[in-house]
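Next comes model.cif, with mmCIF, C-alpha atoms (C1' of nucleotides).
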data_run
loop_
_atom_site.label_atom_id
_atom_site.label_comp_id
_atom_site.auth_asym_id
_atom_site.auth_seq_id
_atom_site.Cartn_x
_atom_site.Cartn_y
_atom_site.Cartn_z
CA MET A 298 -27.77 15.92 12.56
CA ARG A 299 -25.43 15.99 15.54
CA ILE A 300 -22.38 13.87 16.12
CA GLY A 301 -24.10 11.21 18.21
CA GLU A 302 -26.67 10.47 15.57
CA LEU A 303 -24.09 10.33 12.81
CA ALA A 304 -21.97 7.98 14.89
CA GLU A 305 -24.88 5.66 15.49
CA ARG A 306 -25.93 5.70 11.86
CA ALA A 307 -22.38 4.91 10.78
CA GLY A 308 -21.98 2.18 13.38
CA THR A 309 -19.10 3.90 15.09
CA SER A 310 -18.30 6.25 17.93
CA THR A 311 -18.24 10.00 18.35
CA ARG A 312 -14.58 9.77 19.21
CA THR A 313 -13.92 8.19 15.86
CA LEU A 314 -15.69 10.99 14.02
CA ARG A 315 -13.75 13.66 15.89
CA TYR A 316 -10.61 11.76 15.08
CA TYR A 317 -11.44 11.79 11.37
CA GLU A 318 -12.02 15.51 11.61
CA GLU A 319 -8.70 15.93 13.37
CA ARG A 320 -7.05 14.08 10.50
CA GLY A 321 -8.78 16.34 8.00
CA LEU A 322 -11.04 13.69 6.52
CA LEU A 323 -14.27 15.09 7.82
CA SER A 324 -15.40 18.64 8.39
CA ALA A 325 -18.44 19.97 10.15
CA ARG A 326 -20.50 23.10 10.28
CA ARG A 327 -21.34 24.30 13.75
CA ASN A 328 -24.78 25.25 14.97
CA SER A 329 -25.50 28.23 17.18
CA SER A 330 -24.41 26.44 20.32
CA GLY A 331 -21.12 25.18 18.90
CA TYR A 332 -22.30 21.64 18.23
CA ARG A 333 -21.12 19.91 15.08
CA ASP A 334 -23.82 19.67 12.44
CA TYR A 335 -23.72 17.00 9.75
CA ASP A 336 -25.81 16.19 6.72
CA GLU A 337 -26.49 13.20 4.53
CA ASP A 338 -23.34 13.74 2.47
CA ASP A 339 -21.23 13.49 5.60
CA ALA A 340 -22.93 10.22 6.42
CA ARG A 341 -22.00 8.88 2.98
CA LEU A 342 -18.48 10.04 3.51
CA VAL A 343 -18.15 8.28 6.83
CA ARG A 344 -19.64 5.12 5.44
CA GLU A 345 -17.08 5.25 2.63
CA ILE A 346 -14.23 5.61 5.09
CA ARG A 347 -15.49 2.79 7.30
CA ALA A 348 -15.97 0.55 4.31
CA LEU A 349 -12.47 1.13 3.03
CA LEU A 350 -10.95 0.63 6.47
CA GLY A 351 -12.87 -2.61 6.62
CA ILE A 352 -11.10 -3.97 3.58
CA GLY A 353 -7.64 -3.17 4.82
CA PHE A 354 -7.05 0.41 3.77
CA ASP A 355 -5.45 2.64 6.32
CA LEU A 356 -6.90 6.03 7.07
CA GLU A 357 -4.49 7.95 4.85
CA GLU A 358 -5.40 5.76 1.89
CA THR A 359 -9.04 6.70 2.18
CA ARG A 360 -8.21 10.36 1.65
CA PRO A 361 -8.37 10.32 -2.16
CA PHE A 362 -11.82 8.73 -1.98
CA VAL A 363 -13.00 11.33 0.48
CA GLU A 364 -11.68 14.18 -1.61
CA CYS A 365 -13.25 12.65 -4.68
CA LEU A 366 -16.64 12.59 -3.02
CA ARG A 367 -16.21 16.12 -1.76
CA ALA A 368 -15.34 17.22 -5.27
CA GLY A 369 -18.88 16.28 -6.18
CA HIS A 370 -18.39 12.88 -7.74
CA ASP A 371 -21.05 10.23 -7.30
CA ALA A 372 -18.56 7.60 -6.19
CA GLY A 373 -15.33 7.98 -4.26
CA ASP A 374 -13.44 5.85 -6.74
CA GLU A 375 -14.14 7.92 -9.81
CA CYS A 376 -10.96 9.91 -9.46
CA PRO A 377 -7.52 8.85 -10.74
CA ALA A 378 -5.95 9.10 -7.30
CA SER A 379 -8.48 6.64 -5.92
CA VAL A 380 -7.92 4.24 -8.78
CA ALA A 381 -4.21 4.42 -8.10
CA VAL A 382 -4.84 3.39 -4.51
CA TYR A 383 -7.02 0.54 -5.77
CA ARG A 384 -4.20 -0.70 -7.95
CA ARG A 385 -1.63 -0.41 -5.22
CA LYS A 386 -3.89 -2.26 -2.83
CA LEU A 387 -4.50 -4.97 -5.36
CA ALA A 388 -0.79 -5.54 -5.74
CA GLU A 389 -0.29 -5.61 -1.97
CA LEU A 390 -3.18 -7.98 -1.61
CA ASP A 391 -1.75 -10.34 -4.22
CA ALA A 392 1.62 -10.39 -2.52
CA CYS A 393 -0.08 -11.00 0.79
CA ILE A 394 -2.22 -13.83 -0.52
CA ASP A 395 0.78 -15.47 -2.15
CA ARG A 396 2.73 -15.32 1.03
CA MET A 397 -0.08 -16.70 3.11
CA GLN A 398 -0.59 -19.55 0.70
CA GLY A 399 3.09 -20.36 0.94
CA ILE A 400 2.91 -20.41 4.69
CA ARG A 401 -0.25 -22.46 4.55
CA ALA A 402 1.36 -25.10 2.39
CA HIS A 403 4.31 -25.40 4.73
CA LEU A 404 2.01 -25.58 7.73
CA VAL A 405 0.01 -28.39 6.20
CA ALA A 406 3.18 -30.27 5.33
CA GLN A 407 4.43 -29.80 8.86
CA LEU A 408 1.17 -30.99 10.33
CA ASP A 409 1.06 -34.23 8.47
CA GLN A 410 4.72 -34.77 9.12
CA THR A 411 4.11 -34.66 12.87
CA GLU A 412 1.08 -36.85 12.35
CA ARG A 413 3.11 -39.50 10.52
CA ALA A 414 5.89 -39.25 13.10
CA HIS A 415 3.35 -39.93 15.79
CA ALA A 416 1.93 -42.89 13.88
CA ALA A 417 5.43 -44.28 13.33
CA GLY A 418 6.05 -44.43 17.03
CA GLU A 419 7.98 -41.29 17.94
CA HIS A 420 11.24 -42.26 16.25
CA ALA A 421 10.60 -41.13 12.71
CA ASP A 422 12.71 -38.66 10.81
CA ARG A 423 11.88 -35.03 11.26
CA PRO A 424 13.52 -33.43 8.27
CA ALA A 425 12.06 -30.01 8.95
CA THR A 426 11.83 -27.96 12.08
CA PRO A 427 10.02 -24.60 12.03
CA ALA A 428 13.29 -22.71 11.97
CA THR A 429 14.38 -24.45 8.78
CA TRP A 430 11.37 -23.84 6.58
CA ALA A 431 9.85 -20.67 7.96
CA ALA A 432 12.67 -18.55 6.57
CA SER A 433 11.83 -19.70 3.07
CA VAL A 434 8.51 -17.89 3.10
CA LEU A 435 9.88 -14.61 4.39
CA PRO A 436 9.69 -11.98 1.66
CA ASP A 437 13.14 -10.95 0.60
CA PRO A 438 12.55 -7.33 0.02
CA PRO A 439 10.27 -7.29 3.04
CA GLU A 440 6.80 -6.34 1.85
CA PRO A 441 5.53 -3.26 3.62
CA ARG A 442 3.13 -5.32 5.71
CA CYS A 443 0.17 -7.60 5.36
CA ALA A 444 -2.61 -6.78 7.74
CA LEU A 445 -6.37 -6.93 7.80
CA THR A 446 -7.85 -5.83 11.05
CA GLY A 447 -11.15 -4.36 10.10
CA PRO A 448 -12.50 -1.56 12.23
CA LEU A 449 -14.67 -2.86 15.01
CA THR A 450 -18.23 -1.73 14.86
CA LYS A 451 -19.77 -0.47 18.06
CA GLU A 452 -21.72 -3.66 18.66
CA SER A 453 -18.96 -6.08 17.74
CA ARG A 454 -17.03 -4.84 20.72
CA MET B 189 28.42 -16.73 24.13
CA ARG B 190 27.30 -13.29 25.20
CA ILE B 191 24.14 -11.46 24.22
CA GLY B 192 25.68 -9.48 21.38
CA GLU B 193 26.93 -12.56 19.62
CA LEU B 194 23.65 -14.37 20.03
CA ALA B 195 21.79 -11.35 18.68
CA GLU B 196 24.00 -11.19 15.63
CA ARG B 197 23.75 -14.90 14.99
CA ALA B 198 19.98 -14.74 15.25
CA GLY B 199 19.76 -11.67 13.07
CA THR B 200 18.17 -9.57 15.75
CA SER B 201 19.01 -7.11 18.52
CA THR B 202 20.11 -7.44 22.11
CA ARG B 203 17.03 -5.53 23.14
CA THR B 204 14.89 -8.18 21.52
CA LEU B 205 16.63 -10.96 23.43
CA ARG B 206 16.22 -9.15 26.73
CA TYR B 207 12.58 -8.67 25.85
CA TYR B 208 12.14 -12.39 25.25
CA GLU B 209 13.73 -13.06 28.60
CA GLU B 210 11.41 -10.54 30.20
CA ARG B 211 8.48 -12.42 28.68
CA GLY B 212 9.84 -15.70 30.04
CA LEU B 213 10.68 -17.21 26.68
CA LEU B 214 14.42 -17.16 27.12
CA SER B 215 16.56 -17.64 30.17
CA ALA B 216 20.25 -17.08 30.65
CA ARG B 217 23.00 -18.16 32.96
CA ARG B 218 25.20 -15.36 34.20
CA ASN B 219 28.96 -15.38 34.12
CA SER B 220 31.18 -14.08 36.92
CA SER B 221 30.75 -10.47 35.86
CA GLY B 222 26.99 -10.63 35.59
CA TYR B 223 26.86 -10.92 31.81
CA ARG B 224 24.29 -13.21 30.25
CA ASP B 225 25.79 -16.40 28.91
CA TYR B 226 24.11 -18.38 26.15
CA ASP B 227 24.80 -21.68 24.43
CA GLU B 228 23.88 -23.35 21.18
CA ASP B 229 20.51 -24.50 22.47
CA ASP B 230 19.57 -20.92 23.21
CA ALA B 231 20.50 -19.99 19.67
CA ARG B 232 18.21 -22.70 18.33
CA LEU B 233 15.48 -21.43 20.59
CA VAL B 234 15.80 -17.87 19.38
CA ARG B 235 15.86 -19.00 15.77
CA GLU B 236 12.66 -20.92 16.40
CA ILE B 237 10.97 -17.88 17.90
CA ARG B 238 12.09 -15.62 15.06
CA ALA B 239 10.97 -18.13 12.46
CA LEU B 240 7.52 -18.46 13.99
CA LEU B 241 7.12 -14.72 14.35
CA GLY B 242 8.07 -14.48 10.69
CA ILE B 243 5.10 -16.56 9.64
CA GLY B 244 2.58 -14.59 11.61
CA PHE B 245 2.66 -16.10 15.08
CA ASP B 246 2.63 -13.70 17.94
CA LEU B 247 5.08 -14.08 20.77
CA GLU B 248 2.69 -15.84 23.11
CA GLU B 249 1.97 -18.44 20.46
CA THR B 250 5.62 -19.39 20.25
CA ARG B 251 5.66 -20.36 23.89
CA PRO B 252 4.56 -23.98 23.42
CA PHE B 253 7.33 -24.46 20.86
CA VAL B 254 9.89 -22.98 23.21
CA GLU B 255 8.75 -25.13 26.09
CA CYS B 256 8.78 -28.16 23.85
CA LEU B 257 12.39 -27.53 22.91
CA ARG B 258 13.35 -26.91 26.49
CA ALA B 259 11.72 -30.18 27.44
CA GLY B 260 14.38 -31.83 25.35
CA HIS B 261 12.55 -32.49 22.14
CA ASP B 262 14.40 -32.31 18.85
CA ALA B 263 11.81 -30.08 17.27
CA GLY B 264 9.59 -27.44 18.82
CA ASP B 265 6.50 -28.83 17.14
CA GLU B 266 6.68 -32.32 18.57
CA CYS B 267 4.43 -31.49 21.47
CA PRO B 268 0.63 -31.54 21.41
CA ALA B 269 0.38 -27.91 22.49
CA SER B 270 2.47 -26.84 19.52
CA VAL B 271 0.41 -28.90 17.12
CA ALA B 272 -2.70 -27.28 18.54
CA VAL B 273 -1.23 -23.88 17.73
CA TYR B 274 -0.41 -25.11 14.22
CA ARG B 275 -4.02 -26.14 13.69
CA ARG B 276 -5.38 -22.92 15.06
CA LYS B 277 -3.06 -20.93 12.85
CA LEU B 278 -4.04 -22.96 9.83
CA ALA B 279 -7.69 -22.18 10.45
CA GLU B 280 -6.95 -18.49 10.92
CA LEU B 281 -4.86 -18.47 7.80
CA ASP B 282 -7.61 -20.07 5.76
CA ALA B 283 -10.13 -17.55 6.97
CA CYS B 284 -7.70 -14.79 6.20
CA ILE B 285 -6.95 -16.04 2.70
CA ASP B 286 -10.64 -16.46 1.94
CA ARG B 287 -11.35 -12.96 3.06
CA MET B 288 -8.50 -11.49 1.07
CA GLN B 289 -9.59 -13.32 -2.04
CA GLY B 290 -13.08 -11.96 -1.58
CA ILE B 291 -11.73 -8.47 -1.30
CA ARG B 292 -9.47 -9.04 -4.26
CA ALA B 293 -12.36 -10.13 -6.45
CA HIS B 294 -14.38 -7.07 -5.53
CA LEU B 295 -11.39 -4.85 -6.10
CA VAL B 296 -10.81 -6.25 -9.58
CA ALA B 297 -14.49 -5.87 -10.42
CA GLN B 298 -14.40 -2.30 -9.20
CA LEU B 299 -11.31 -1.55 -11.22
CA ASP B 300 -12.67 -2.67 -14.50
CA GLN B 301 -15.95 -1.00 -13.77
CA THR B 302 -14.20 2.35 -13.46
CA GLU B 303 -12.23 1.49 -16.56
CA ARG B 304 -15.35 0.83 -18.58
CA ALA B 305 -17.01 3.94 -17.19
CA HIS B 306 -14.06 5.95 -18.36
CA ALA B 307 -14.19 4.33 -21.79
CA ALA B 308 -17.91 5.02 -22.05
CA GLY B 309 -17.38 8.71 -21.62
CA GLU B 310 -17.96 9.45 -17.95
CA HIS B 311 -21.71 8.91 -17.97
CA ALA B 312 -21.92 5.18 -17.50
CA ASP B 313 -23.75 3.44 -14.69
CA ARG B 314 -21.85 2.96 -11.48
CA PRO B 315 -23.85 0.25 -9.75
CA ALA B 316 -21.36 -0.14 -6.92
CA THR B 317 -19.60 2.34 -4.72
CA PRO B 318 -17.04 1.18 -2.17
CA ALA B 319 -19.49 1.61 0.68
CA THR B 320 -21.95 -0.77 -0.96
CA TRP B 321 -19.75 -3.76 -1.57
CA ALA B 322 -17.07 -3.48 1.08
CA ALA B 323 -19.46 -4.44 3.84
CA SER B 324 -20.12 -7.74 2.11
CA VAL B 325 -16.60 -8.96 2.75
CA LEU B 326 -16.54 -8.04 6.41
CA PRO B 327 -16.48 -11.18 8.53
CA ASP B 328 -19.69 -11.42 10.47
CA PRO B 329 -18.36 -12.84 13.65
CA PRO B 330 -15.33 -10.62 13.27
CA GLU B 331 -12.30 -12.84 12.91
CA PRO B 332 -9.73 -12.10 15.58
CA ARG B 333 -7.48 -10.41 13.09
CA CYS B 334 -5.54 -11.08 9.96
CA ALA B 335 -2.04 -9.73 10.06
CA LEU B 336 1.36 -10.69 8.76
CA THR B 337 4.07 -8.28 9.68
CA GLY B 338 7.14 -10.39 9.95
CA PRO B 339 9.81 -9.36 12.39
CA LEU B 340 12.30 -7.07 10.76
CA THR B 341 15.79 -8.45 10.67
CA LYS B 342 18.55 -6.13 11.68
CA GLU B 343 19.65 -5.49 8.12
CA SER B 344 16.17 -5.10 6.65
CA ARG B 345 15.73 -1.99 8.67
"C1'" DC C 63 -34.42 24.93 39.69
"C1'" DC C 64 -32.69 20.62 38.89
"C1'" DT C 65 -31.75 16.32 36.63
"C1'" DG C 66 -30.30 13.92 32.69
"C1'" DG C 67 -28.64 13.64 28.24
"C1'" DC C 68 -26.51 15.52 24.87
"C1'" DC C 69 -22.39 18.22 23.38
"C1'" DT C 70 -17.47 20.69 23.81
"C1'" DT C 71 -12.06 20.44 24.30
"C1'" DC C 72 -7.95 18.47 26.44
"C1'" DA C 73 -5.21 14.97 27.32
"C1'" DC C 74 -3.58 10.56 28.79
"C1'" DG C 75 -4.16 5.23 28.03
"C1'" DT C 76 -4.17 1.07 24.94
"C1'" DC C 77 -1.74 -2.95 22.30
"C1'" DA C 78 2.84 -5.52 20.43
"C1'" DA C 79 7.32 -5.87 19.85
"C1'" DC C 80 10.54 -3.85 20.33
"C1'" DG C 81 13.89 1.12 19.60
"C1'" DT C 82 16.45 4.40 21.95
"C1'" DC C 83 18.50 6.81 25.20
"C1'" DA C 84 20.94 7.29 30.01
"C1'" DA C 85 24.09 6.20 33.60
"C1'" DG C 86 27.11 3.21 34.84
"C1'" DG C 87 30.03 -1.50 35.35
"C1'" DT C 88 33.63 -4.75 32.94
"C1'" DC C 89 37.23 -6.27 30.05
"C1'" DT C 90 40.82 -6.06 26.56
"C1'" DA C 91 44.38 -3.49 24.04
"C1'" DC C 92 47.62 -0.25 23.68
"C1'" DG D 181 45.79 4.52 32.51
"C1'" DT D 182 42.71 5.33 29.25
"C1'" DA D 183 40.10 4.52 25.13
"C1'" DG D 184 36.65 1.79 23.25
"C1'" DA D 185 33.83 -2.14 22.84
"C1'" DC D 186 31.16 -4.75 25.25
"C1'" DC D 187 27.71 -5.49 29.08
"C1'" DT D 188 24.03 -4.13 32.98
"C1'" DT D 189 19.25 -2.13 34.54
"C1'" DG D 190 15.71 1.25 34.04
"C1'" DA D 191 12.68 3.87 31.81
"C1'" DC D 192 10.50 6.39 28.18
"C1'" DG D 193 9.29 6.53 22.89
"C1'" DT D 194 7.14 4.48 18.64
"C1'" DT D 195 2.81 3.37 15.46
"C1'" DG D 196 -2.55 3.57 14.23
"C1'" DA D 197 -6.97 4.14 15.37
"C1'" DC D 198 -9.11 5.05 18.42
"C1'" DG D 199 -10.92 4.31 24.16
"C1'" DT D 200 -11.64 6.61 28.31
"C1'" DG D 201 -11.98 9.81 31.50
"C1'" DA D 202 -12.17 14.96 33.32
"C1'" DA D 203 -14.25 19.39 33.52
"C1'" DG D 204 -17.52 22.00 31.82
"C1'" DG D 205 -21.41 24.18 28.36
"C1'" DC D 206 -26.27 23.69 26.35
"C1'" DC D 207 -30.98 22.36 26.44
"C1'" DA D 208 -35.57 19.84 27.20
"C1'" DG D 209 -38.77 17.91 30.66
"C1'" DG D 210 -40.81 17.97 35.07
#
Exercise: express the given structure as structure tokens:
Amino acid sequence: MRIGELAERAGTSTRTLRYYEERGLLSARRNSSGYRDYDEDDARLVREIRALLGIGFDLEETRPFVECLRAGHDAGDECPASVAVYRRKLAELDACIDRMQGIRAHLVAQLDQTERAHAAGEHADRPATPATWAASVLPDPPEPRCALTGPLTKESR
Amino acid sequence: MRIGELAERAGTSTRTLRYYEERGLLSARRNSSGYRDYDEDDARLVREIRALLGIGFDLEETRPFVECLRAGHDAGDECPASVAVYRRKLAELDACIDRMQGIRAHLVAQLDQTERAHAAGEHADRPATPATWAASVLPDPPEPRCALTGPLTKESR
DNA sequence: CCTGGCCTTCACGTCAACGTCAAGGTCTAC
DNA sequence: GTAGACCTTGACGTTGACGTGAAGGCCAGG
């Protein structure tokens, strides 16, 4: 199949597929006229990449899974390198969840503090201002990051 | 005080402060030689911005807090517009936490599936491959995003 | 033969929140 | 008077995962 069909079947764009190839995650035979030619295994590979991106992996982190599949394994996570990424991601995720829950708790406290202040007629105590509590939820060795922006499918755009 | 002192006291850079001014979040008097001149209120304002950025707000979302402080309020979250941002952020945060917990659960399941497969001698069933379960945790109306990359303080860099 | 729909490579644009020069003005200390 | 530490504006660079053209090749239908 050609690049357009693969893109459509994977719910993404041709640009994306060429980008993956550029990054060495995808490779393609060429037909007689120089067009890229893909097969069912490539489709699986792209779906794997898209799926992993969707759960917060970055492109580089999908590489072990891709190489695992290309090595002939049935699943991309059968190889030790993939499992290592899983474990690392799990730890990151836990740190991220913890931090968000901390922020959430402070936010809720802040919200019902403003609510009570309003009910008390504008002259209540405001023990905390954002600047005072927000620092307490900042990670001290700053965690690498904490982001989940899934890839946008063609139709979600 | 001049920009360098304010930057140091706020744990950030002069470039950052000029950027905030450029975005209309900060304003400065000028002294006789054209240098920006800040006071204690400006310091509070910058601390508020940095604190909010630290808990996942983007710069635009800090604006109501800044305007609230500039309107003379004791705290940046005393104004309705700020509270509205709080509520919106709380909802986003909840969605984000839910999603991460979903991913986490799948990740854990996947990890001990590979573990058992390994223990069973490489020929066990692998009912799930990343591509099969990852899609199930993708938000259907794609949530705007889900990111927490706090601002880096000068010394954390 | 021509139109339209694929495909090719190259290369610049996007977004946020700044970092990093460059070229020059100002002020204090020695 | 000159070094050095500050300040000014302006403008380009960074990061990831692509988007968006431009300029042109290939191929099927009419």
Please evaluate the PyMOL selection byres ((chain A) within 12 of (chain C)) against the displayed coordinates and give the resulting residues as a list in words.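 Residues picked by the PyMOL selection byres ((chain A) within 12 of (chain C)): Arg299, Ile300, Gly301, Glu302, Thr311, Arg315, Arg327, Asn328, Ser330, Gly331, Tyr332, Arg333 and Asp334 of chain A.
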Might you spell out which residues the PyMOL selection byres ((chain A and resi 371-387) around 7) would select in the displayed file, as a PyMOL selection string? (chain A and resi 358+361-363+365-366+369-370+388-391) or (chain B and resi 292+295+302+317)
Separation of atom CA of A:Ile346 from atom CA of B:Met288, in Å and rounded to one decimal: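 Spanning atom CA of A:Ile346 to atom CA of B:Met288 is a straight-line distance of 18.5 Å.
Between atom CA of A:Arg320 and atom CA of A:Glu364 the separation is 13.0 Å.
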Enumerate, as a PyMOL selection string, the residues matched when the PyMOL selection byres ((chain D) within 12 of (chain B)) is run on the file above. chain D and resi 185-189
Next, dump the selected residues to file, keeping only C-alpha atoms (C1' of nucleotides), as a PDB file, keeping the file's coordinate frame.
ATOM      1  C1'  DA D 185      33.830  -2.140  22.840  1.00  0.00           C
ATOM      2  C1'  DC D 186      31.160  -4.750  25.250  1.00  0.00           C
ATOM      3  C1'  DC D 187      27.710  -5.490  29.080  1.00  0.00           C
ATOM      4  C1'  DT D 188      24.030  -4.130  32.980  1.00  0.00           C
ATOM      5  C1'  DT D 189      19.250  -2.130  34.540  1.00  0.00           C
TER       6       DT D 189
END
Work out how far apart atom CA of A:Tyr316 and atom CA of A:Cys443 are and give it in Å to one decimal.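 Between these atoms lies a distance of 24.2 Å.
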Ranking A:Met298, A:Leu445, A:Leu322, A:Leu303 by minimum distance to chain B and counting all atoms listed in the file, which one comes first? A:Leu445
Nearest residue to chain B from the set A:Glu412, A:Glu318, A:Asp338, A:Glu357 (distances using only C-alpha atoms):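 Comparing A:Glu412, A:Glu318, A:Asp338, A:Glu357 against chain B, the winner is A:Glu412.
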Please determine, counting only C-alpha atoms, which residue among B:Arg235, B:Arg251, B:Arg258, B:Arg287 has the shortest atom-to-atom distance to chain A.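 Closest to chain A of all the choices is B:Arg235.
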For chain B, which residue among A:Leu323, A:Arg312, A:Arg413, A:Gly351 is the nearest when counting all atoms listed in the file?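 For chain B, the nearest of the given residues is A:Gly351.
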Proximity to chain B - best of A:Ala402, A:Ala416, A:Ile394, A:Gln410, all atoms listed in the file: A:Ile394
Pick from A:Leu408, A:Leu356, A:Ala304, A:Ala340, whichever lies nearest to chain B using all atoms listed in the file: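 Between A:Leu408, A:Leu356, A:Ala304, A:Ala340, the residue approaching chain B most closely is A:Leu408.
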If I only have part of stretch 220-237 of chain B, can you fill in N, CA and C atoms and write it as a PDB file, keeping the file's coordinate frame?
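And here is the file that came out, part.pdb:
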ATOM      1  N   SER B 220      30.694 -14.665  35.668  1.00  0.00           N
ATOM      2  CA  SER B 220      31.180 -14.080  36.920  1.00  0.00           C
ATOM      3  C   SER B 220      30.971 -12.560  36.979  1.00  0.00           C
ATOM      4  N   SER B 221      30.914 -11.927  35.817  1.00  0.00           N
ATOM      5  CA  SER B 221      30.750 -10.470  35.860  1.00  0.00           C
ATOM      6  C   SER B 221      29.302 -10.029  35.638  1.00  0.00           C
ATOM      7  N   GLY B 222      28.390 -10.984  35.708  1.00  0.00           N
ATOM      8  CA  GLY B 222      26.990 -10.630  35.590  1.00  0.00           C
ATOM      9  C   GLY B 222      26.468 -10.580  34.169  1.00  0.00           C
ATOM     10  N   TYR B 223      27.298 -10.904  33.198  1.00  0.00           N
ATOM     11  CA  TYR B 223      26.860 -10.920  31.810  1.00  0.00           C
ATOM     12  C   TYR B 223      26.043 -12.167  31.523  1.00  0.00           C
ATOM     13  N   ARG B 224      25.054 -12.034  30.659  1.00  0.00           N
ATOM     14  CA  ARG B 224      24.290 -13.210  30.250  1.00  0.00           C
ATOM     15  C   ARG B 224      25.172 -14.126  29.413  1.00  0.00           C
ATOM     16  N   ASP B 225      24.988 -15.416  29.632  1.00  0.00           N
ATOM     17  CA  ASP B 225      25.790 -16.400  28.910  1.00  0.00           C
ATOM     18  C   ASP B 225      24.876 -17.412  28.233  1.00  0.00           C
ATOM     19  N   TYR B 226      24.993 -17.500  26.916  1.00  0.00           N
ATOM     20  CA  TYR B 226      24.110 -18.380  26.150  1.00  0.00           C
ATOM     21  C   TYR B 226      24.883 -19.519  25.503  1.00  0.00           C
ATOM     22  N   ASP B 227      24.154 -20.581  25.154  1.00  0.00           N
ATOM     23  CA  ASP B 227      24.800 -21.680  24.430  1.00  0.00           C
ATOM     24  C   ASP B 227      24.052 -21.958  23.130  1.00  0.00           C
ATOM     25  N   GLU B 228      24.436 -23.025  22.488  1.00  0.00           N
ATOM     26  CA  GLU B 228      23.880 -23.350  21.180  1.00  0.00           C
ATOM     27  C   GLU B 228      22.376 -23.634  21.225  1.00  0.00           C
ATOM     28  N   ASP B 229      21.936 -24.220  22.330  1.00  0.00           N
ATOM     29  CA  ASP B 229      20.510 -24.500  22.470  1.00  0.00           C
ATOM     30  C   ASP B 229      19.692 -23.204  22.499  1.00  0.00           C
ATOM     31  N   ASP B 230      20.255 -22.218  23.170  1.00  0.00           N
ATOM     32  CA  ASP B 230      19.570 -20.920  23.210  1.00  0.00           C
ATOM     33  C   ASP B 230      19.464 -20.325  21.823  1.00  0.00           C
ATOM     34  N   ALA B 231      20.515 -20.510  21.036  1.00  0.00           N
ATOM     35  CA  ALA B 231      20.500 -19.990  19.670  1.00  0.00           C
ATOM     36  C   ALA B 231      19.390 -20.668  18.855  1.00  0.00           C
ATOM     37  N   ARG B 232      19.279 -21.977  19.014  1.00  0.00           N
ATOM     38  CA  ARG B 232      18.210 -22.700  18.330  1.00  0.00           C
ATOM     39  C   ARG B 232      16.841 -22.167  18.751  1.00  0.00           C
ATOM     40  N   LEU B 233      16.734 -21.921  20.034  1.00  0.00           N
ATOM     41  CA  LEU B 233      15.480 -21.430  20.590  1.00  0.00           C
ATOM     42  C   LEU B 233      15.096 -20.078  20.000  1.00  0.00           C
ATOM     43  N   VAL B 234      16.066 -19.199  19.927  1.00  0.00           N
ATOM     44  CA  VAL B 234      15.800 -17.870  19.380  1.00  0.00           C
ATOM     45  C   VAL B 234      15.456 -17.976  17.896  1.00  0.00           C
ATOM     46  N   ARG B 235      16.180 -18.832  17.185  1.00  0.00           N
ATOM     47  CA  ARG B 235      15.860 -19.000  15.770  1.00  0.00           C
ATOM     48  C   ARG B 235      14.436 -19.518  15.599  1.00  0.00           C
ATOM     49  N   GLU B 236      14.037 -20.400  16.476  1.00  0.00           N
ATOM     50  CA  GLU B 236      12.660 -20.920  16.400  1.00  0.00           C
ATOM     51  C   GLU B 236      11.648 -19.791  16.611  1.00  0.00           C
ATOM     52  N   ILE B 237      11.889 -19.003  17.624  1.00  0.00           N
ATOM     53  CA  ILE B 237      10.970 -17.880  17.900  1.00  0.00           C
ATOM     54  C   ILE B 237      10.901 -16.938  16.699  1.00  0.00           C
TER      55      ILE B 237
END
